[in-house]
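Shown next, in structure tokens, is the structure this report addresses.
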Amino acid sequence: MKNTPRLTFQWQFDLKGSPEELWPLLSDTNKFLKWAGQDPVKRDSFTRSATKGFLELSSKKLNANQIWLEEPFIWEKPYKFGTTRHYKVGFFREIKFLATLTPTVSGTRFEIKAWLRAPNKILTHFVNYYIGKIVRRKIAKYLEEVDKCAQNNTLPYEHRKPASLVRGAKKRIEEIEQQLLEKTRRQRIIRHLKKFLIHAEDEDLKTIHPYQLAEYWGEKKYSVLNVFLHAAKLELVDFRWDVFCPVCKSTRQSFRRMRDIHSDLYCAECDNHYNIDFNENLHLVFNPNPLIRKLSDNKFCYGGPQNTPQRVTQHFLEPGEEQYLHINLNEGTYLFKTSENDGYLRLHLRKDGDDTATVYITDEDLNGDEATISTSPNLTIVNDSKKKMVCYIEKENWRQEAIYATEVTSSHDFRTLFAQETLKDGAKVDSSNVTILFTDLMNSTDLYLQEGDEFAIGQLMSHFKIIQQIVAEERGGIVKTIGDAVMAVFKEPVSALKAVERIQQIFSSSTAMGDSFKLKAGIHLGKCTAVNLNDRVDYFGTTVNIASRLVDVASEKEIIVSEAFYESGDVKLYLKNNRNSLFIKNSEKELKGFDSEKFKVKQIRMERTSLRLVI
């Protein structure tokens with residue numbers, strides 16, 4: 001090995017897209033390495049002493065095994081990524097590569113540096129030719145496609161030829177397409193979906209997030225979900241329930257049916273035991289039905305930036321090593337963590353923050369200290385501990401654009417099409433940070449007395465349909481109706497407020513509902529328990545009880561929200577931005593069943609209370 005020369009390759013490509021535009025595609029190392037000629041890789045296990053964060057991998061080329069230990073990928077979004085492989089068996093002794101994206105006047109200079117060492121001189125000549133000619137040509141072709149997507153703001157499947165389908169699938173697709181059109185009347189979305197299923201790469205189809213496609217297609221999310229659910233019923237696509245680890249945010253377990261899910265899961269990467277949370281880490285994803293298109297199980301990379309997209313930087317540091325970071329991030333709050341220390345440091349990135357900062361890592365756990373730094377700081381990380389470690393910065397409160405169980409299991413479409421998809425009898429699943437909305441009609445009895453039962457019931461059904469549609473559009477779901485009242489759940493707190501505001505506007509401006517239909521609402525946020533009740537998912541707990549009591553003490557056309565709800569998410573900001581149309585009053589309320597305490601609440605109205613002259 002000492003006599004074997006070290007090969008160095010250095011290529012530059014001038015691209016027209018900016019680093020920010022190119023990053024999502026170029027840092028998808030699973031695709032990047034596939035296009036570069038990487039053979040499929042598999043997780044392996046050949047040592048008991050691998051450093052945390054290192055991957056044991058293998059592949060087969062020309063019937064010869066390649067086995068290596070891969071260092072954790074390093075990256076700084078959106079400027080660079082790379083890794084180093086230490087081979088135990090195979091053609092190479094070591095491979096190291098680093099890709100950098102440098103902004104230029106005309107776009108981006110994408111540079112790849114690779115260092116390789118082969119075991120003998122004969123292989124060195126072969127590798128020099130193969131990497132220098134064939135691999136470079138493959139990468140150049142991929143970069144041409146990526147740059148085209150960045151410039152046109154398109155996804156790669158738009159420029160691809162149709163893939164191979166299962167025999168008879170073409171006719172089957174045409175038949176399903178017609179049925180989908182009859183059931184949904186959403187021709188444009190159906191055309192989008194058909195093209196995506198036929199043209200996209202296998203890697204893009206293994207886990208489909210409809211809401212991400214909705215944003216790209218410029219369609220309403222609930223409309224795209226409606227088409228996907230009907231497509232699943234007609235067996236154009238299939239779905240499953242993915243559960244991701246709350247620490248690394250990577251999917252570690254999947255269930256085909258909700259009745260199969262169980263708690264006490266384990267993530268080997270984080271050495272972390274965790275449970276399923278209905279509102280935090282259980283979501284619905286889709287893939288093509290096997291009768292339409294078979295997908296390859298091949299994987300080409302396990303550790304790249306897009307495997308943990310919430311992490312904006314990642315580095316591997318030896319004891320005593322320091323690393324200077326080149327980053328340019330959006331304003332917001334980020335967490336600094338390591339693989340060896342519990343806890344985190346909270347970093348607030350602001351344009352006017354400190355330009356220079358240094359983080360010293362010791363053997364002690366991180367204690368939650370906070371600092372405000374610039375969005376493009378001179379940030380240095382120093383490993384003053386005695387351990388090798390992976391350290392990274394991730395976006396706080398990062399959430400994948402996914403369809404979480406809280407939302408979809410209360411969806412009218414899902415319950416109608418897949419009534420059997422619910423929790424197994426007796427199962428209880430935690431559901432954290434759920435927003436519960438209760439609405440109720442005031443004096444609806446007067447409508448029955450004045451107009452008769454038949455007319456009143458028709459009006460009541462119309463009222464339910466209006467609420468159901470608006471709740472769905474705001475990514476919520478109706479859990480149940482209780483007389484004239486509605487209970488709905490939302491993942492995002494501000495969505496509940498937007499929904500009830502829209503409902504109030506319709507009822508206030510429409511004379512069709514009659515003067516007796518005056519809506520009031522109560523909203524609370526907190527932890528609930530999801531259970532199977534009468535073959536559908538329902539929610540129980542103190543959070544639900546408080547929300548139901550808040551609507552009881554609300555007045556006509558009033559929304560009463562708890563302090564916990566008001567302080568969460570973007571609620572406070574939304575109310576501030578809409579202070580000309582939403583009027584807030586602070587107060588305290590006694591709630592039935594909670595006699596020992598008073599609750600601080602916000603009374604929200606869409607119109608100012610009329611002034612009354614008292615003589």
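In the structure tokens, chains take letters A, B, ... by order of appearance, with residues numbered from 1 within each chain and ligands from 1 in the order shown.
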Contacts of Gly353 in chain A at 7 Å or less, counting only C-alpha atoms, minus same-chain residues fewer than 5 places along, as a ChimeraX atom specification?
/A:372-374
Go ahead and write the selection's residues with N, CA and C atoms as an mmCIF file, in the first residue's frame.
```
data_model
loop_
_atom_site.group_PDB
_atom_site.id
_atom_site.type_symbol
_atom_site.label_atom_id
_atom_site.label_comp_id
_atom_site.auth_asym_id
_atom_site.auth_seq_id
_atom_site.Cartn_x
_atom_site.Cartn_y
_atom_site.Cartn_z
ATOM 1 N N THR A 372 -27.414 34.261 20.576
ATOM 2 C CA THR A 372 -27.945 34.875 19.354
ATOM 3 C C THR A 372 -26.773 35.212 18.443
ATOM 4 N N ILE A 373 -26.778 34.625 17.252
ATOM 5 C CA ILE A 373 -25.672 34.824 16.313
ATOM 6 C C ILE A 373 -26.216 35.225 14.948
ATOM 7 N N SER A 374 -25.330 35.657 14.084
ATOM 8 C CA SER A 374 -25.702 36.085 12.742
ATOM 9 C C SER A 374 -26.178 34.896 11.905
#
```
Can you list, as number ranges by chain, every protein, DNA or RNA residue that comes within 9 Å of range 53-70 of chain A when you count only C-alpha atoms, leaving out same-chain residues fewer than 4 positions away?
A: 39-47, 83-94, 269-270, 302-303, 316, 339, 389-390
Find the residues around Leu345 in chain A up to 9 Å (only C-alpha atoms counted), leave out those fewer than 3 positions away in its own chain, and share them as a short mmCIF file (atom, residue, chain, number, x, y, z; two decimals) with all heavy atoms, in the first residue's frame.
```
data_model
loop_
_atom_site.label_atom_id
_atom_site.label_comp_id
_atom_site.auth_asym_id
_atom_site.auth_seq_id
_atom_site.Cartn_x
_atom_site.Cartn_y
_atom_site.Cartn_z
N TYR A 334 -32.26 27.32 16.10
CA TYR A 334 -31.61 26.06 15.75
C TYR A 334 -31.03 25.43 17.02
O TYR A 334 -30.77 26.13 18.01
CB TYR A 334 -30.49 26.29 14.73
CG TYR A 334 -30.97 26.83 13.41
CD1 TYR A 334 -31.31 28.17 13.26
CD2 TYR A 334 -31.09 26.00 12.30
CE1 TYR A 334 -31.76 28.68 12.05
CE2 TYR A 334 -31.53 26.50 11.07
CZ TYR A 334 -31.86 27.84 10.96
OH TYR A 334 -32.30 28.33 9.75
N LEU A 335 -30.82 24.13 16.98
CA LEU A 335 -30.25 23.40 18.11
C LEU A 335 -28.91 22.80 17.72
O LEU A 335 -28.79 22.16 16.66
CB LEU A 335 -31.20 22.29 18.58
CG LEU A 335 -32.60 22.72 18.99
CD1 LEU A 335 -33.43 21.51 19.39
CD2 LEU A 335 -32.57 23.74 20.12
N PHE A 336 -27.91 23.00 18.56
CA PHE A 336 -26.61 22.36 18.37
C PHE A 336 -26.58 21.11 19.24
O PHE A 336 -26.81 21.18 20.46
CB PHE A 336 -25.47 23.31 18.75
CG PHE A 336 -24.12 22.67 18.68
CD1 PHE A 336 -23.41 22.65 17.50
CD2 PHE A 336 -23.56 22.06 19.80
CE1 PHE A 336 -22.16 22.04 17.42
CE2 PHE A 336 -22.32 21.45 19.74
CZ PHE A 336 -21.61 21.44 18.54
N LYS A 337 -26.26 19.94 18.64
CA LYS A 337 -26.25 18.67 19.36
C LYS A 337 -25.01 17.87 18.96
O LYS A 337 -24.38 18.15 17.94
CB LYS A 337 -27.50 17.84 19.05
CG LYS A 337 -28.82 18.49 19.45
CD LYS A 337 -29.99 17.58 19.11
CE LYS A 337 -31.32 18.17 19.52
NZ LYS A 337 -32.46 17.29 19.18
N LEU A 366 -24.65 18.95 27.35
CA LEU A 366 -25.03 20.31 26.99
C LEU A 366 -26.23 20.72 27.83
O LEU A 366 -27.16 19.93 28.03
CB LEU A 366 -25.35 20.38 25.50
CG LEU A 366 -24.23 19.88 24.57
CD1 LEU A 366 -24.69 19.90 23.11
CD2 LEU A 366 -23.00 20.73 24.73
N ASN A 367 -26.23 21.94 28.31
CA ASN A 367 -27.21 22.33 29.33
C ASN A 367 -28.28 23.29 28.84
O ASN A 367 -28.98 23.93 29.64
CB ASN A 367 -26.49 22.96 30.53
CG ASN A 367 -25.65 24.17 30.12
OD1 ASN A 367 -25.74 24.64 28.99
ND2 ASN A 367 -24.85 24.68 31.04
N GLY A 368 -28.44 23.44 27.52
CA GLY A 368 -29.51 24.28 27.02
C GLY A 368 -29.19 25.77 26.97
O GLY A 368 -30.09 26.60 26.84
N ASP A 369 -27.90 26.13 27.10
CA ASP A 369 -27.52 27.54 27.00
C ASP A 369 -27.98 28.12 25.66
O ASP A 369 -28.07 27.40 24.66
CB ASP A 369 -26.01 27.70 27.12
CG ASP A 369 -25.53 27.54 28.56
OD1 ASP A 369 -26.39 27.54 29.45
OD2 ASP A 369 -24.31 27.41 28.77
N GLU A 370 -28.24 29.43 25.65
CA GLU A 370 -28.73 30.08 24.44
C GLU A 370 -27.77 31.17 23.99
O GLU A 370 -27.07 31.78 24.80
CB GLU A 370 -30.12 30.68 24.69
CG GLU A 370 -31.14 29.65 25.13
CD GLU A 370 -32.57 30.20 25.16
OE1 GLU A 370 -32.82 31.23 24.49
OE2 GLU A 370 -33.41 29.60 25.84
N ALA A 371 -27.74 31.40 22.68
CA ALA A 371 -26.91 32.47 22.11
C ALA A 371 -27.59 32.99 20.85
O ALA A 371 -28.27 32.23 20.14
CB ALA A 371 -25.52 31.96 21.78
#
```
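Excluding Thr542 in chain A and any residue on its chain fewer than 2 positions from it, the residues at most 10 Å away by only C-alpha atoms are Gly526, Lys527, Cys528, Thr529, Phe540, Val544, Asn545, Ile546, Ala547 and Ser548 of chain A.
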Could you write out that same residue set with C-alpha atoms as a JSON list (two decimals), in the first residue's frame?
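Final output, again21.json:
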```json
[["chain", "number", "residue", "atom", "x", "y", "z"],
["A", 526, "GLY", "CA", -52.31, 19.76, 24.80],
["A", 527, "LYS", "CA", -51.76, 16.04, 25.13],
["A", 528, "CYS", "CA", -54.56, 13.56, 24.38],
["A", 529, "THR", "CA", -54.97, 9.82, 24.11],
["A", 540, "PHE", "CA", -59.88, 11.56, 25.35],
["A", 544, "VAL", "CA", -60.48, 17.49, 25.32],
["A", 545, "ASN", "CA", -62.51, 18.21, 28.48],
["A", 546, "ILE", "CA", -61.13, 21.77, 28.75],
["A", 547, "ALA", "CA", -61.82, 22.52, 25.07],
["A", 548, "SER", "CA", -65.42, 21.33, 25.45]]
```
Contact residues around Val285 in chain A with only C-alpha atoms at 8 Å, ignoring same-chain residues under 3 positions, as a ChimeraX atom specification:
/A:207-210,239-242,402-403
Export of the given selection (C-alpha atoms) as a PDB file, in the first residue's frame:
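So the final result, stored in again-v2.pdb, reads:
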```pdb
ATOM      1  CA  THR A 207     -42.170   7.257  -0.203  1.00  0.00           C
ATOM      2  CA  ILE A 208     -44.600   9.735  -1.741  1.00  0.00           C
ATOM      3  CA  HIS A 209     -45.744  12.748   0.300  1.00  0.00           C
ATOM      4  CA  PRO A 210     -48.888  14.139  -1.399  1.00  0.00           C
ATOM      5  CA  PHE A 239     -50.278   3.428   1.432  1.00  0.00           C
ATOM      6  CA  ARG A 240     -48.547   2.581   4.691  1.00  0.00           C
ATOM      7  CA  TRP A 241     -47.907   4.167   8.094  1.00  0.00           C
ATOM      8  CA  ASP A 242     -44.328   5.344   8.647  1.00  0.00           C
ATOM      9  CA  ALA A 402     -46.353  14.943   5.813  1.00  0.00           C
ATOM     10  CA  ILE A 403     -49.884  13.716   6.458  1.00  0.00           C
TER      11      ILE A 403
END
```
